[in-house]
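K.L.:
Pasting a structure here, questions to come.
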Amino acid sequence: MDRIAVGLAALGRPAYINLGRDLPAVRDVPSMRAATHEVLDAAYAAGVRWVDVARSYGRSEEFLGGWLTERGHRDVTVSSKWGYRYVGEWRLDADVHEVKEHTLPRFREQWAQTRDLLAGHVHLYQVHSLTVDSPLFTDPALIDALAGLSGDGVEVGFSTSGPAQADVVRRAFELESAGQPVFASVQSTWNVFEPSAGPALAEAKAAGKRVLVKETLANGRLVAEAPEPLRRIAGAHGAGPDAIAVAAVLGQEWAPTAVLGPSSPAQLAANLAATRVRLGDEDRAVLGQLAQDAREYWAHRSHLGWS
């Protein structure tokens, strides 16, 4: 399970854009905390030792920090992100759930909050959803502040979103502070619907960077709306479409870590079945035909409702 991480985007707040979430009937804070701890316990028992959270994932850092303290685990790698602020006030019907801001004050504020909740546990801190128009690229003070995390033993990374992910990956890895690269890792969306970042991620891996893949199930679409070819391959392997989609990620030659987003132990077990799947050349060819135009994929994603 060394190439599997569990993300808490779907569990740290009551509303999210993922389809097919398996959540408690009542989504109050205690119920969501308990659901989070159940998934984390199941993941740990299965051998998963990486958990991915973010400041904007509601109370995900709080839930994770409490779980780590209660269980006493010291062998869990934790990654978090800054740049979005959760503003949904724990409401399903909030008009806005998160607000993005890539500025030095926001970084300093959110890094302090992350440290308070996950003291001593954060291994990787990432810029959340870096895009080509982010002011970060032209803010030397912010770039230097990020680079300063490395001196404290924290790896510095970024995540990407949108149809220009490949451009962002290449541009971000060119950033330097005091003559040294700022970023050591990237977390990008890659799935059989949206593989456009693949070549840039392969370049990053070849350059010695850590590569993580998020949205492996296209926010649940590859399960709730699984296309017939995917369902056919799943049936042939005796697994669910989610396992095939995750296996497609794990099968990439650039060996990424797949970040899963299960909302229950049952969903986690179905996802982890991917580790027992070996896709053949014909399977990969069929899955490759499911790729969509990146702009169309991200336009569709932008219209997914929070619920």
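Letters for chains follow the order of the structure tokens (A, B, ...), residue numbers begin at 1 for each chain, and ligand numbers begin at 1 in the order shown.
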What are the DSSP helix (DSSP H, G or I) residues of stretch 82-196 of chain A, as a ChimeraX atom specification?

P.N.:
/A:104-117,135-138,140-152,165-172

K.L.:
Mind writing the picked residues with N, CA and C atoms as an mmCIF file, in the first residue's frame?

P.N.:
data_model
loop_
_atom_site.group_PDB
_atom_site.id
_atom_site.type_symbol
_atom_site.label_atom_id
_atom_site.label_comp_id
_atom_site.auth_asym_id
_atom_site.auth_seq_id
_atom_site.Cartn_x
_atom_site.Cartn_y
_atom_site.Cartn_z
ATOM 1 N N LEU A 104 0.712 35.867 0.462
ATOM 2 C CA LEU A 104 1.591 35.613 1.599
ATOM 3 C C LEU A 104 0.834 35.640 2.929
ATOM 4 N N PRO A 105 -0.048 36.630 3.172
ATOM 5 C CA PRO A 105 -0.792 36.604 4.435
ATOM 6 C C PRO A 105 -1.635 35.344 4.599
ATOM 7 N N ARG A 106 -2.273 34.887 3.505
ATOM 8 C CA ARG A 106 -3.087 33.681 3.614
ATOM 9 C C ARG A 106 -2.212 32.464 3.911
ATOM 10 N N PHE A 107 -1.034 32.384 3.275
ATOM 11 C CA PHE A 107 -0.126 31.269 3.558
ATOM 12 C C PHE A 107 0.281 31.254 5.030
ATOM 13 N N ARG A 108 0.686 32.407 5.533
ATOM 14 C CA ARG A 108 1.137 32.474 6.924
ATOM 15 C C ARG A 108 0.001 32.114 7.885
ATOM 16 N N GLU A 109 -1.193 32.627 7.621
ATOM 17 C CA GLU A 109 -2.341 32.336 8.471
ATOM 18 C C GLU A 109 -2.658 30.839 8.462
ATOM 19 N N GLN A 110 -2.713 30.249 7.271
ATOM 20 C CA GLN A 110 -3.145 28.859 7.186
ATOM 21 C C GLN A 110 -2.060 27.888 7.634
ATOM 22 N N TRP A 111 -0.796 28.218 7.409
ATOM 23 C CA TRP A 111 0.263 27.342 7.899
ATOM 24 C C TRP A 111 0.243 27.302 9.430
ATOM 25 N N ALA A 112 -0.012 28.437 10.072
ATOM 26 C CA ALA A 112 -0.115 28.471 11.531
ATOM 27 C C ALA A 112 -1.288 27.614 12.005
ATOM 28 N N GLN A 113 -2.411 27.680 11.285
ATOM 29 C CA GLN A 113 -3.572 26.873 11.653
ATOM 30 C C GLN A 113 -3.285 25.382 11.481
ATOM 31 N N THR A 114 -2.631 25.039 10.386
ATOM 32 C CA THR A 114 -2.297 23.634 10.144
ATOM 33 C C THR A 114 -1.356 23.110 11.215
ATOM 34 N N ARG A 115 -0.344 23.899 11.562
ATOM 35 C CA ARG A 115 0.602 23.471 12.596
ATOM 36 C C ARG A 115 -0.096 23.250 13.936
ATOM 37 N N ASP A 116 -1.058 24.116 14.265
ATOM 38 C CA ASP A 116 -1.769 23.982 15.533
ATOM 39 C C ASP A 116 -2.557 22.675 15.594
ATOM 40 N N LEU A 117 -3.157 22.292 14.476
ATOM 41 C CA LEU A 117 -4.015 21.110 14.458
ATOM 42 C C LEU A 117 -3.252 19.818 14.218
ATOM 43 N N PRO A 135 -1.363 34.420 -8.616
ATOM 44 C CA PRO A 135 -0.409 35.488 -8.299
ATOM 45 C C PRO A 135 0.871 34.956 -7.662
ATOM 46 N N LEU A 136 0.870 33.708 -7.235
ATOM 47 C CA LEU A 136 2.068 33.130 -6.634
ATOM 48 C C LEU A 136 3.274 33.246 -7.557
ATOM 49 N N PHE A 137 3.052 33.057 -8.848
ATOM 50 C CA PHE A 137 4.163 33.038 -9.794
ATOM 51 C C PHE A 137 4.916 34.365 -9.869
ATOM 52 N N THR A 138 4.283 35.440 -9.447
ATOM 53 C CA THR A 138 4.928 36.758 -9.515
ATOM 54 C C THR A 138 5.078 37.392 -8.133
ATOM 55 N N PRO A 140 7.657 37.140 -5.233
ATOM 56 C CA PRO A 140 8.916 36.606 -4.700
ATOM 57 C C PRO A 140 8.875 36.355 -3.193
ATOM 58 N N ALA A 141 8.198 37.220 -2.448
ATOM 59 C CA ALA A 141 8.143 37.040 -0.999
ATOM 60 C C ALA A 141 7.406 35.754 -0.626
ATOM 61 N N LEU A 142 6.332 35.478 -1.328
ATOM 62 C CA LEU A 142 5.576 34.255 -1.073
ATOM 63 C C LEU A 142 6.396 33.029 -1.471
ATOM 64 N N ILE A 143 7.066 33.121 -2.597
ATOM 65 C CA ILE A 143 7.906 32.008 -3.060
ATOM 66 C C ILE A 143 9.002 31.705 -2.039
ATOM 67 N N ASP A 144 9.638 32.756 -1.527
ATOM 68 C CA ASP A 144 10.701 32.558 -0.526
ATOM 69 C C ASP A 144 10.138 31.973 0.769
ATOM 70 N N ALA A 145 8.943 32.419 1.164
ATOM 71 C CA ALA A 145 8.328 31.899 2.386
ATOM 72 C C ALA A 145 8.011 30.412 2.254
ATOM 73 N N LEU A 146 7.515 30.023 1.102
ATOM 74 C CA LEU A 146 7.243 28.609 0.865
ATOM 75 C C LEU A 146 8.528 27.797 0.933
ATOM 76 N N ALA A 147 9.550 28.303 0.264
ATOM 77 C CA ALA A 147 10.833 27.591 0.258
ATOM 78 C C ALA A 147 11.381 27.432 1.666
ATOM 79 N N GLY A 148 11.040 28.387 2.538
ATOM 80 C CA GLY A 148 11.536 28.327 3.904
ATOM 81 C C GLY A 148 11.022 27.133 4.692
ATOM 82 N N LEU A 149 9.918 26.526 4.256
ATOM 83 C CA LEU A 149 9.403 25.348 4.945
ATOM 84 C C LEU A 149 10.398 24.191 4.893
ATOM 85 N N SER A 150 11.148 24.142 3.802
ATOM 86 C CA SER A 150 12.114 23.045 3.649
ATOM 87 C C SER A 150 13.121 23.047 4.792
ATOM 88 N N GLY A 151 13.479 24.241 5.276
ATOM 89 C CA GLY A 151 14.424 24.334 6.381
ATOM 90 C C GLY A 151 13.881 23.760 7.674
ATOM 91 N N ASP A 152 12.540 23.645 7.759
ATOM 92 C CA ASP A 152 11.903 23.063 8.932
ATOM 93 C C ASP A 152 11.593 21.586 8.728
ATOM 94 N N GLN A 165 -3.256 22.001 -16.658
ATOM 95 C CA GLN A 165 -2.426 21.415 -15.603
ATOM 96 C C GLN A 165 -0.976 21.200 -16.040
ATOM 97 N N ALA A 166 -0.779 20.689 -17.247
ATOM 98 C CA ALA A 166 0.578 20.385 -17.715
ATOM 99 C C ALA A 166 1.442 21.642 -17.728
ATOM 100 N N ASP A 167 0.876 22.767 -18.176
ATOM 101 C CA ASP A 167 1.628 24.026 -18.204
ATOM 102 C C ASP A 167 2.017 24.455 -16.792
ATOM 103 N N VAL A 168 1.093 24.283 -15.854
ATOM 104 C CA VAL A 168 1.358 24.668 -14.466
ATOM 105 C C VAL A 168 2.464 23.803 -13.872
ATOM 106 N N VAL A 169 2.410 22.506 -14.125
ATOM 107 C CA VAL A 169 3.428 21.594 -13.589
ATOM 108 C C VAL A 169 4.811 22.017 -14.054
ATOM 109 N N ARG A 170 4.946 22.254 -15.331
ATOM 110 C CA ARG A 170 6.271 22.605 -15.872
ATOM 111 C C ARG A 170 6.738 23.964 -15.355
ATOM 112 N N ARG A 171 5.835 24.920 -15.305
ATOM 113 C CA ARG A 171 6.226 26.265 -14.864
ATOM 114 C C ARG A 171 6.573 26.280 -13.383
ATOM 115 N N ALA A 172 5.797 25.581 -12.568
ATOM 116 C CA ALA A 172 6.029 25.601 -11.123
ATOM 117 C C ALA A 172 7.365 24.965 -10.757
#

K.L.:
Do you know which residues are at most 7 Å from A:Met1 counting only C-alpha atoms, after dropping those on the same chain fewer than 2 positions away, and could you put them as a ChimeraX atom specification?

P.N.:
/A:3-4,47-48

K.L.:
Using only C-alpha atoms, which of A:Arg13, A:His300, A:Arg21, A:His102 sits nearest A:Ser60?

P.N.:
A:Arg13

K.L.:
Please return, as a ChimeraX atom specification, all residues of stretch 102-290 of chain A that DSSP assigns to strand (DSSP E or B) on the basis of the backbone.

P.N.:
/A:122-130,155-160,176-177,180-181,185-189,210-214,257-260

K.L.:
Once you have the residues from the selection above, write them out as a compact mmCIF listing (two decimals), in the first residue's frame, restricted to C-alpha atoms.

P.N.:
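Output file again_10.txt follows:
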# COMPACT_ATOMS: atom_id res chain seq x y z
CA VAL A 122 2.90 17.41 8.49
CA HIS A 123 5.40 15.98 6.02
CA LEU A 124 4.19 17.77 2.88
CA TYR A 125 2.51 21.20 2.57
CA GLN A 126 1.03 22.07 -0.80
CA VAL A 127 -0.29 25.10 -2.64
CA HIS A 128 -3.92 24.21 -3.28
CA SER A 129 -5.01 24.19 -6.94
CA LEU A 130 -2.23 26.20 -8.50
CA GLU A 155 8.42 19.10 1.87
CA VAL A 156 6.89 21.80 -0.33
CA GLY A 157 4.50 20.93 -3.14
CA PHE A 158 1.51 22.10 -5.12
CA SER A 159 -1.68 20.66 -6.52
CA THR A 160 -3.17 21.54 -9.89
CA GLU A 176 13.63 28.84 -7.47
CA SER A 177 14.48 30.57 -4.21
CA GLN A 180 17.25 26.14 -5.24
CA PRO A 181 14.01 24.60 -6.54
CA SER A 185 6.21 17.35 -5.36
CA VAL A 186 3.03 17.77 -7.35
CA GLN A 187 -0.52 16.47 -6.91
CA SER A 188 -2.55 16.60 -10.12
CA THR A 189 -5.83 15.28 -11.42
CA ARG A 210 7.17 13.16 -6.01
CA VAL A 211 3.95 12.68 -8.00
CA LEU A 212 0.51 12.18 -6.46
CA VAL A 213 -2.71 11.75 -8.42
CA LYS A 214 -6.03 13.07 -7.12
CA THR A 257 0.78 7.69 -5.55
CA ALA A 258 -3.00 7.41 -5.94
CA VAL A 259 -5.03 9.56 -3.54
CA LEU A 260 -8.38 7.86 -2.84

K.L.:
May I ask for the distance between atom CA of A:Gly235 and atom CA of A:Glu296, given in Å to one decimal place?

P.N.:
28.2 Å

K.L.:
Between A:Glu70, A:Asp283, A:Asp293, A:Asp52, single out the one closest to A:His37, counting only C-alpha atoms.

P.N.:
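The answer is A:Glu70, which sits nearest to A:His37.
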
K.L.:
Between A:Gly153, A:Ser161, A:Pro262, A:Ala207, which is the closest to A:Leu11 once you count only C-alpha atoms?

P.N.:
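Ranking A:Gly153, A:Ser161, A:Pro262, A:Ala207 by distance to A:Leu11, first place goes to A:Pro262.
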
K.L.:
Here is a test: counting only C-alpha atoms, which residue of A:Ile17, A:Ala204, A:Val286, A:Ala236 is nearest to A:Leu304?

P.N.:
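Checking each of A:Ile17, A:Ala204, A:Val286, A:Ala236 against A:Leu304, counting only C-alpha atoms, the winner is A:Ile17.
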
K.L.:
Which residues are close to A:Leu268, i.e. within 10 Å by only C-alpha atoms, leaving aside same-chain residues fewer than 3 positions away? Reply as a list in words.

P.N.:
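Near A:Leu268, the qualifying residues are Val6, Val39, Leu40, Ala42, Ala43, Ala46, Asp242, Ala243, Leu260, Gly261, Pro262, Ser263, Ser264, Pro265, Asn271, Leu272 and Ala273 of chain A.
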
K.L.:
A:Asn191: which residues within 12 Å, counting only C-alpha atoms, same-chain residues fewer than 6 positions away excluded, as JSON, numbers by chain?

P.N.:
{"A": [197, 198, 212, 213, 214, 215, 216, 217, 218, 219, 220, 221, 222, 242, 244, 245, 246, 247, 248, 249, 250, 251, 252, 256, 258, 259, 260, 287, 288, 290, 291, 292, 294, 297]}

K.L.:
Mind pulling up the distance from atom CA of A:Thr77 to atom CA of A:Val51?

P.N.:
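Atom-to-atom, atom CA of A:Val51 to atom CA of A:Thr77, that is 6.4 Å.
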
K.L.:
Find the residues near A:Gln289: any atom within 10 Å, counting only C-alpha atoms, skip ones fewer than 4 places away on the same chain, and give them as a list in words.

P.N.:
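Listed by chain and then number, they are Val192, Phe193, Pro229, Arg284 and Ala285 of chain A.
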
K.L.:
Keeping only N, CA and C atoms, take the residues you just selected and write them out as a PDB file, in the first residue's frame.

P.N.:
ATOM      1  N   VAL A 192      -8.948   8.240 -16.169  1.00  0.00           N
ATOM      2  CA  VAL A 192      -9.125   7.783 -17.555  1.00  0.00           C
ATOM      3  C   VAL A 192      -9.975   8.744 -18.374  1.00  0.00           C
ATOM      4  N   PHE A 193     -10.730   9.627 -17.719  1.00  0.00           N
ATOM      5  CA  PHE A 193     -11.441  10.682 -18.435  1.00  0.00           C
ATOM      6  C   PHE A 193     -10.519  11.866 -18.737  1.00  0.00           C
ATOM      7  N   PRO A 229     -17.558   0.403 -21.434  1.00  0.00           N
ATOM      8  CA  PRO A 229     -16.261  -0.283 -21.551  1.00  0.00           C
ATOM      9  C   PRO A 229     -15.571  -0.478 -20.196  1.00  0.00           C
ATOM     10  N   ARG A 284      -5.812  -1.540 -21.234  1.00  0.00           N
ATOM     11  CA  ARG A 284      -5.282  -0.168 -21.258  1.00  0.00           C
ATOM     12  C   ARG A 284      -5.664   0.560 -22.542  1.00  0.00           C
ATOM     13  N   ALA A 285      -5.691  -0.172 -23.645  1.00  0.00           N
ATOM     14  CA  ALA A 285      -6.081   0.452 -24.911  1.00  0.00           C
ATOM     15  C   ALA A 285      -7.542   0.902 -24.868  1.00  0.00           C
TER      16      ALA A 285
END

K.L.:
Would you write out, as a Markdown table, a table of all residues in stretch 86-125 of chain A that have an atom no more than 10 Å from an atom of stretch 25-29 of chain A, listing for each the closest atom pair and the distance in Å to one decimal, considering only C-alpha atoms and ordering rows by chain and rising residue number?

P.N.:
| residue | atom | partner | partner_atom | distance |
| --- | --- | --- | --- | --- |
| A:Trp90 | CA | A:Asp28 | CA | 8.1 |
| A:Arg91 | CA | A:Arg27 | CA | 9.5 |
| A:Leu92 | CA | A:Arg27 | CA | 9.2 |
